[in-house]
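These notes concern the structure reproduced below.
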Protein chains: 2
Amino acid sequence: MKLKVLDIDVATGFPLIAIINESDARKLDLHYDDRVKIKKGSKSAVALINISESSKTVPPGRIGFCEEVLEKLNSKSGDIVDVSLARKPYSVNHIKKKLKGGRLNYDEMLEIVEDIIKNKLSSVEITYFVSACYLNELDIKETIALTKAMINTGQTLKFRSYPVADKHCIGGVAGNRTTPIVVPIIAAAGITVPKTSSRSITSPAGTADTMEVLCDVSFPIKKMKSIIKKTKACLVWGGSVNLAPADDKIIKIEHPVSLDPEGQLLASILAKKKSVSATHLLIDIPVGKGAKIESIAKAIRLKRLFEKISKHLNIKVKVMITDGSQPIGNGIGPALEARDILFVLRNDPRQPLDLRKKSVEMAGIILEMSGKAKKGSGRKKALEILNSGKAYSKMLEILKAQKAKITDPDDISVSALTYDLTAEKDSSIKSISNSLISRAARAAGAPLDKGAGIYLHKKVGNRVKKGEPILTVFSGNIGKLKYAAETLKKYPAVCLR
Amino acid sequence: MKLKVLDIDVATGFPLIAIINESDARKLDLHYDDRVKIKKGSKSAVALINISESSKTVPPGRIGFCEEVLEKLNSKSGDIVDVSLARKPYSVNHIKKKLKGGRLNYDEMLEIVEDIIKNKLSSVEITYFVSACYLNELDIKETIALTKAMINTGQTLKFRSYPVADKHCIGGVAGNRTTPIVVPIIAAAGITVPKTSSRSITSPAGTADTMEVLCDVSFPIKKMKSIIKKTKACLVWGGSVNLAPADDKIIKIEHPVSLDPEGQLLASILAKKKSVSATHLLIDIPVGKGAKIESIAKAIRLKRLFEKISKHLNIKVKVMITDGSQPIGNGIGPALEARDILFVLRNDPRQPLDLRKKSVEMAGIILEMSGKAKKGSGRKKALEILNSGKAYSKMLEILKAQKAKITDPDDISVSALTYDLTAEKDSSIKSISNSLISRAARAAGAPLDKGAGIYLHKKVGNRVKKGEPILTVFSGNIGKLKYAAETLKKYPAVCLR
């Protein structure tokens with residue numbers, strides 16, 4: 001069918017979208033999310049069809065092109081194009097198969113993942129894929145297939161050196177910023193650590209947000225490689241490199257109903273680690289009320305799955321199940337966490353001992369598993385590296401390679417407005433809720449306001465006197481400070497005995 | 001946050017959509033499918049957020065409004081509006097609950113259905129609902145709840161007369177146009193029949209397409225009521241009246257992966273029947289290869305579900321499981337089917353006897369179940385009404401009330417170009433595939449070309465001589481005629497012994 005082009009002055013991103021009038025849709029027998037092949041001379045494009053019910057946007061006889069389509073076909077308003085029904089991508093059949101309870105093999109997963117990356121699938125189709133993976137849970141074989149498909153459709157980093165280590169935390173614990181301490185310790189021991197981290201999605205800070213207080217974190221993959229060549233390690237934002245890119249698009253679709261299918265969680269984590277050629281991997285699964293994993297049973301199940309799948313990917317893995325019942329470290333929020341990290345690396349008396357202890361333990365495990373320390377002596381070696389200042393020196397090297405902004409914790413500025421939550425009686429701290437502390441820290445403006453957040457003066461078990469501050473809220477905005485204080489009143493994050 | 005309005009000159013339909021730049025999305029902590037409340041003076045609107053990654057469509061500081069938003073807020077380019085994060089509708093929680101394996105009660109179903117109709121849910125959210133209902137199958141209680149929710153969110157038709165009968169066929173059998181024969185027979189016996197039918201989606205004709213050859217089928221609900229008042233019955237297109245409107249939106253979402261969750265099928269059919277206050281209902285489930293239901297076991301399962309749910313809706317139901325192994329009637333396509341119908345109603349010697357027989361049987365059952373014929377004598381009474389010409393007179397009344405175009409079968413024009421499929425040897429017909437005959441009829445141009453389609457000269461068991469035509473393809477377009485002939489060659493719809 002011949003239609004006349006109408007320039008719709010909007011960039012819709014991908015997939016390509018073309019809009020036709022309802023009457024032409026009937027003539028072409030087109031329905032929602034059908035695809036058309038559009039030909040103009042020797043050029044052609046496949047677009048998803050949107051149907052305009054009124055003649056206002058697109059009248060009969062016309063076809064509306066968004067900017068991406070105009071560009072692809074080198075077309076302008078008034079051009080005549082030929083429009084015909086195009087096949088759905090084969091991957092839609094695989095999605096149907098999974099919906100109907102079938103099992104997908106590697107080739108099928110690859111086709112789906114490729115089509116997601118190439119923007120060939122509509123959001124409705126991706127949603128069916130995500131639902132199917134959630135409700136007809138992926139088995140081990142499928143999870144491995146999805147992981148490999150994700151790896152093989154993104155960029156990868158290769159190293160001549162060995163070992164290459166990585167770590168990952170399942171998350172949900174406020175603070176808990178071990179990565180920027182573990183990485184310089186193990187890098188100082190000669191291990192390559194191509195660390196990519198995420199920004200916060202629903203928490204007050206991600207490792208990338210925290211590191212950004214100290215240095216740049218967005219680098220193209222080439223630059224990331226040269227940083228690692230120089231310093232053995234890096235601490236960059238994963239979003240700036242194209243590792244396993246299907247993941248981001250899937251997460252976007254999961255967001256509206258906050259789904260988190262287990263198979264996809266595993267595939268997403270392991271694909272990113274394999275993409276940087278990690279040979280050794282430490283996974284931290286904190287368990288506790290308000291953490292992402294709330295039951296030991298689920299943690300053990302995950303641990304086993306990580307072990308099984310890593311084996312197939314030829315990655316040596318250790319999974320530690322840790323105490324996630326309260327925040328780790330004192331600062332919650334990018335700047336406050338960055339300060340804690342430098343305090344620990346510099347052995348500053350203001351350092352949070354729980355954060356130090358956990359980081360040393362983790363570094364010790366990696367040193368042992370990668371052969372840099374004898375069995376049973378990893379913790380000791382990690383402590384040595386930390387106490388000797390070698391870890392801090394390594395951190396300075398990394399920061400320098402990443403265009404350091406700040407290297408001294410006392411140069412870090414936190415937001416100026418504060419609110420103290422004080423004890424109403426002499427007592428001791430019974431519990432601190434990760435999710436409610438995070439909520440209040442976000443209310444104060446973290447992570448966008450890097451100086452905002454919460455500083456915990458007390459942790460579970462500590463005694464407090466009446467009137468003594470339990471925590472301090474920092475914010476750059478009086479409205480947000482009040483909102484955070486109200487949030488803490490409405491949803492008490494700290495319980496006294 | 002204050003943003004400046006940018007007029008995006010596109011009508012996107014509903015839900016309302018506003019576009020902001022990625023940097024503002026970060027500031028407002030907005031993600032895909034989040035909602036914002038937009039305030040301009042005393043007016044406000046809730047819109048789904050689209051995020052523009054480039055500054056080309058929407059630069060930072062601006063908010064792009066599609067026409068519907070501009071209209072709702074009475075706003076224009078340059079206006080300053082206040083934008084804040086809005087809650088997701090509660091129905092999203094119910095969808096999550098269903099995804100996680102929970103059971104939904106009436107109030108929850110109602111909230112979901114209401115939000116679908118009010119365009120408050122995004123297509124991704126509706127997709128999650130559809131997937132959840134497919135994969136965590138609706139139980140009887142949930143199906144009843146969904147059915148009632150659909151009824152109570154649409155228009156309903158009430159009658160003082162009793163009984164009010166309706167029929168429904170699950171479909172998949174080519175031809176099989178019993179409705180326009182059954183309706184005048186039972187209406188002539190004094191039964192009220194507020195019949196709404198669908199147009200074809202993937203078949204060569206729906207009852208509404210076929211009736212449209214003879215009269216108008218699009219009427220507002222008021223006019224539908226007045227037609228029934230005049231003639232006791234009607235034969236209109238369901239799409240023109242607002243009965244159980246949630247259904248259409250759900251079907252649209254099911255289309256891309258051609259899902260058909262059982263619970264939704266049941267709810268959709270029964271909601272439409274209850275909305276026209278049917279007291280008696282006959283369901284036809286044809287079973288056969290290539291029909292919608294291919295196994296007797298599945299048909300029996302559906303039959304039981306129809307019976308159970310109808311009881312809760314206070315509808316007397318009979319479910320007949322019929323032979324769906326080959327097309328019923330000779331004509332396939334709107335005009336060819338319309339001709340068959342008038343042949344039967346006028347007792348014309350050219351009438352297809354299988355269509356006549358099935359229609360009489362169905363009418364007989366409805367006459368018995370609604371007390372218009374004694375048990376065992378329904379078929380006889382239906383035959384009497386048909387043979388006496390009363391059914392044809394009733395049809396003429398209905399056609400007249402619906403602005404008749406044609407009442408004599410010989411006035412129906414079929415497409416001029418024909419192709420005969422002839423027998424290659426003396427033999428008999430072994431099988432005729434519903435799905436392949438439909439495919440060829442669509443290739444010839446049906447249902448859009450109303451005169452296009454296929455006429456079957458022979459049915460299963462009939463003898464054919466070498467060179468004798470088995471079927472004739474009709475088309476208004478030489479290209480389509482050729483395409484239909486090729487389709488029949490590539491996918492043989494008729495097998496000889």
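If you're wondering about the labels, chains in the structure tokens are A, B, ... by order shown, residues count from 1 in each chain, ligands from 1 in order shown.
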
Show me a table, sorted first by chain and then by increasing residue number, of the residues of chain B having an atom at most 9 Å from chain A, each with its shortest atom pair and the distance in Å to one decimal, counting only C-alpha atoms and written as JSON lines.
{"residue": "B:Ile8", "atom": "CA", "partner": "A:Val10", "partner_atom": "CA", "distance": 7.4}
{"residue": "B:Asp9", "atom": "CA", "partner": "A:Asp9", "partner_atom": "CA", "distance": 7.5}
{"residue": "B:Val10", "atom": "CA", "partner": "A:Thr57", "partner_atom": "CA", "distance": 5.6}
{"residue": "B:Ala11", "atom": "CA", "partner": "A:Thr57", "partner_atom": "CA", "distance": 5.7}
{"residue": "B:Thr12", "atom": "CA", "partner": "A:Ser52", "partner_atom": "CA", "distance": 7.7}
{"residue": "B:Gly13", "atom": "CA", "partner": "A:Ser52", "partner_atom": "CA", "distance": 7.8}
{"residue": "B:Arg26", "atom": "CA", "partner": "A:Leu448", "partner_atom": "CA", "distance": 7.8}
{"residue": "B:Lys27", "atom": "CA", "partner": "A:Leu448", "partner_atom": "CA", "distance": 6.8}
{"residue": "B:Asp29", "atom": "CA", "partner": "A:Leu448", "partner_atom": "CA", "distance": 8.6}
{"residue": "B:His31", "atom": "CA", "partner": "A:His255", "partner_atom": "CA", "distance": 7.6}
{"residue": "B:Tyr32", "atom": "CA", "partner": "A:Lys252", "partner_atom": "CA", "distance": 6.3}
{"residue": "B:Asp33", "atom": "CA", "partner": "A:Pro256", "partner_atom": "CA", "distance": 5.9}
{"residue": "B:Asp34", "atom": "CA", "partner": "A:Pro256", "partner_atom": "CA", "distance": 7.0}
{"residue": "B:Ser52", "atom": "CA", "partner": "A:Thr12", "partner_atom": "CA", "distance": 7.7}
{"residue": "B:Glu53", "atom": "CA", "partner": "A:Gly13", "partner_atom": "CA", "distance": 8.1}
{"residue": "B:Ser54", "atom": "CA", "partner": "A:Ala11", "partner_atom": "CA", "distance": 8.3}
{"residue": "B:Lys56", "atom": "CA", "partner": "A:Ala11", "partner_atom": "CA", "distance": 7.3}
{"residue": "B:Thr57", "atom": "CA", "partner": "A:Val10", "partner_atom": "CA", "distance": 5.6}
{"residue": "B:Val58", "atom": "CA", "partner": "A:Val10", "partner_atom": "CA", "distance": 8.9}
{"residue": "B:Lys88", "atom": "CA", "partner": "A:Pro256", "partner_atom": "CA", "distance": 8.8}
{"residue": "B:Val92", "atom": "CA", "partner": "A:Val257", "partner_atom": "CA", "distance": 7.0}
{"residue": "B:Asn93", "atom": "CA", "partner": "A:Val257", "partner_atom": "CA", "distance": 7.8}
{"residue": "B:Ile95", "atom": "CA", "partner": "A:Val257", "partner_atom": "CA", "distance": 8.1}
{"residue": "B:Lys96", "atom": "CA", "partner": "A:Val257", "partner_atom": "CA", "distance": 6.2}
{"residue": "B:Leu99", "atom": "CA", "partner": "A:Leu135", "partner_atom": "CA", "distance": 7.4}
{"residue": "B:Lys100", "atom": "CA", "partner": "A:Leu135", "partner_atom": "CA", "distance": 8.1}
{"residue": "B:Gly101", "atom": "CA", "partner": "A:Leu135", "partner_atom": "CA", "distance": 8.6}
{"residue": "B:Ser123", "atom": "CA", "partner": "A:Val124", "partner_atom": "CA", "distance": 6.6}
{"residue": "B:Val124", "atom": "CA", "partner": "A:Val124", "partner_atom": "CA", "distance": 5.5}
{"residue": "B:Glu125", "atom": "CA", "partner": "A:Pro256", "partner_atom": "CA", "distance": 7.0}
{"residue": "B:Ile126", "atom": "CA", "partner": "A:Val124", "partner_atom": "CA", "distance": 8.9}
{"residue": "B:Thr127", "atom": "CA", "partner": "A:Val124", "partner_atom": "CA", "distance": 6.2}
{"residue": "B:Tyr128", "atom": "CA", "partner": "A:Ser131", "partner_atom": "CA", "distance": 6.6}
{"residue": "B:Val130", "atom": "CA", "partner": "A:Tyr128", "partner_atom": "CA", "distance": 9.0}
{"residue": "B:Ser131", "atom": "CA", "partner": "A:Ser131", "partner_atom": "CA", "distance": 6.3}
{"residue": "B:Ala132", "atom": "CA", "partner": "A:Ser131", "partner_atom": "CA", "distance": 7.4}
{"residue": "B:Tyr134", "atom": "CA", "partner": "A:Leu99", "partner_atom": "CA", "distance": 8.4}
{"residue": "B:Leu135", "atom": "CA", "partner": "A:Leu135", "partner_atom": "CA", "distance": 6.4}
{"residue": "B:Asn136", "atom": "CA", "partner": "A:Leu135", "partner_atom": "CA", "distance": 7.6}
{"residue": "B:Ile201", "atom": "CA", "partner": "A:Asp29", "partner_atom": "CA", "distance": 8.7}
{"residue": "B:Thr202", "atom": "CA", "partner": "A:Asp29", "partner_atom": "CA", "distance": 9.0}
{"residue": "B:Lys252", "atom": "CA", "partner": "A:Tyr32", "partner_atom": "CA", "distance": 6.3}
{"residue": "B:Ile253", "atom": "CA", "partner": "A:Val124", "partner_atom": "CA", "distance": 7.5}
{"residue": "B:His255", "atom": "CA", "partner": "A:Tyr32", "partner_atom": "CA", "distance": 7.1}
{"residue": "B:Pro256", "atom": "CA", "partner": "A:Asp33", "partner_atom": "CA", "distance": 5.9}
{"residue": "B:Val257", "atom": "CA", "partner": "A:Lys96", "partner_atom": "CA", "distance": 6.2}
{"residue": "B:Ser258", "atom": "CA", "partner": "A:Lys96", "partner_atom": "CA", "distance": 8.4}
{"residue": "B:Leu259", "atom": "CA", "partner": "A:Lys96", "partner_atom": "CA", "distance": 8.2}
{"residue": "B:Leu448", "atom": "CA", "partner": "A:Lys27", "partner_atom": "CA", "distance": 6.9}

Shell of 12 Å around Ile300 in chain A, only C-alpha atoms, local chain residues under 6 positions omitted, as a list in words: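 Once the nearby chain positions are removed, what remains is Asp284, Ile285, Pro286, Val287, Ile293, Glu294, Phe306, Glu307, Val319, Met320, Ile321 and Thr322 of chain A.
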
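Distances here use only C-alpha atoms; by that measure, the residue among A:Ile309, A:Leu282, A:Val36, A:Ala165 closest to Pro184 in chain A is A:Ala165.
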
Residues within 9 Å of Cys133 in chain A, only C-alpha atoms, excluding chain neighbours under 5 positions, as a list in words: Lys98, Leu99, Tyr128, Leu138, Pro261, Glu262, Gly263 and Gln264 of chain A

Please write the residues from the selection above to a file, keeping N, CA and C atoms, as a PDB file, in the first residue's frame.
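Output below, filename again.pdb:
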ATOM      1  N   LYS A  98       7.828 -19.882  25.924  1.00  0.00           N
ATOM      2  CA  LYS A  98       8.109 -19.788  27.365  1.00  0.00           C
ATOM      3  C   LYS A  98       6.819 -19.512  28.138  1.00  0.00           C
ATOM      4  N   LEU A  99       5.957 -18.663  27.579  1.00  0.00           N
ATOM      5  CA  LEU A  99       4.668 -18.371  28.226  1.00  0.00           C
ATOM      6  C   LEU A  99       3.860 -19.652  28.384  1.00  0.00           C
ATOM      7  N   TYR A 128       5.963  -9.667  28.310  1.00  0.00           N
ATOM      8  CA  TYR A 128       5.572 -11.077  28.295  1.00  0.00           C
ATOM      9  C   TYR A 128       6.773 -11.966  28.598  1.00  0.00           C
ATOM     10  N   LEU A 138      12.851 -19.858  35.299  1.00  0.00           N
ATOM     11  CA  LEU A 138      13.956 -20.405  34.512  1.00  0.00           C
ATOM     12  C   LEU A 138      14.628 -21.528  35.292  1.00  0.00           C
ATOM     13  N   PRO A 261      12.758 -11.456  38.941  1.00  0.00           N
ATOM     14  CA  PRO A 261      12.808 -12.903  38.769  1.00  0.00           C
ATOM     15  C   PRO A 261      14.203 -13.425  39.064  1.00  0.00           C
ATOM     16  N   GLU A 262      14.271 -14.517  39.820  1.00  0.00           N
ATOM     17  CA  GLU A 262      15.541 -15.061  40.296  1.00  0.00           C
ATOM     18  C   GLU A 262      16.506 -15.386  39.147  1.00  0.00           C
ATOM     19  N   GLY A 263      15.989 -16.051  38.118  1.00  0.00           N
ATOM     20  CA  GLY A 263      16.851 -16.440  37.011  1.00  0.00           C
ATOM     21  C   GLY A 263      17.506 -15.232  36.365  1.00  0.00           C
ATOM     22  N   GLN A 264      16.726 -14.169  36.237  1.00  0.00           N
ATOM     23  CA  GLN A 264      17.274 -12.973  35.609  1.00  0.00           C
ATOM     24  C   GLN A 264      18.273 -12.266  36.508  1.00  0.00           C
TER      25      GLN A 264
END

Expected answer as a VMD selection string: alpha helix (DSSP H) residues in range 94-337 of chain A: chain A and resid 94 to 99 106 to 117 123 to 135 140 to 152 179 to 188 207 to 214 221 to 231 246 to 254 262 to 275 296 to 312 334 to 337

Test item, strand (DSSP E) assignment across range 78-223 of chain A, answer as number ranges by chain: A: 80-86, 165-169, 193-197

Taking C-alpha atoms for each residue, export the selection above as a PDB file, in the first residue's frame.
ATOM      1  CA  ILE A  80       5.492   8.354  -1.051  1.00  0.00           C
ATOM      2  CA  VAL A  81       6.469   5.100   0.631  1.00  0.00           C
ATOM      3  CA  ASP A  82       5.351   1.523   0.212  1.00  0.00           C
ATOM      4  CA  VAL A  83       4.016  -0.122   3.353  1.00  0.00           C
ATOM      5  CA  SER A  84       3.436  -3.840   3.827  1.00  0.00           C
ATOM      6  CA  LEU A  85       2.939  -6.206   6.732  1.00  0.00           C
ATOM      7  CA  ALA A  86       6.230  -7.526   8.084  1.00  0.00           C
ATOM      8  CA  ALA A 165      38.746 -10.950  40.717  1.00  0.00           C
ATOM      9  CA  ASP A 166      35.363  -9.349  41.196  1.00  0.00           C
ATOM     10  CA  LYS A 167      32.826  -9.052  43.987  1.00  0.00           C
ATOM     11  CA  HIS A 168      29.120  -8.501  44.153  1.00  0.00           C
ATOM     12  CA  CYS A 169      26.644  -7.760  46.910  1.00  0.00           C
ATOM     13  CA  VAL A 193      40.032  -5.969  39.616  1.00  0.00           C
ATOM     14  CA  PRO A 194      37.963  -4.553  36.731  1.00  0.00           C
ATOM     15  CA  LYS A 195      35.189  -3.343  39.026  1.00  0.00           C
ATOM     16  CA  THR A 196      32.040  -1.864  37.594  1.00  0.00           C
ATOM     17  CA  SER A 197      29.273  -0.762  39.933  1.00  0.00           C
TER      18      SER A 197
END

Who sits within 8 Å of Leu355 in chain B, only C-alpha atoms, same chain under 5 positions skipped, as JSON, numbers by chain: {"B": [176, 177, 178, 328, 329, 344]}

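Contact shell of Arg35 in chain A at 6 Å (only C-alpha atoms; same-chain neighbours under 6 positions omitted): Ala47, Leu48, Ile49 and Ala86 of chain A.
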
Among listed residues A:Ala278, A:Ile341, A:Ala244, A:Met211, nearest Val113 in chain A (using only C-alpha atoms): A:Ala244
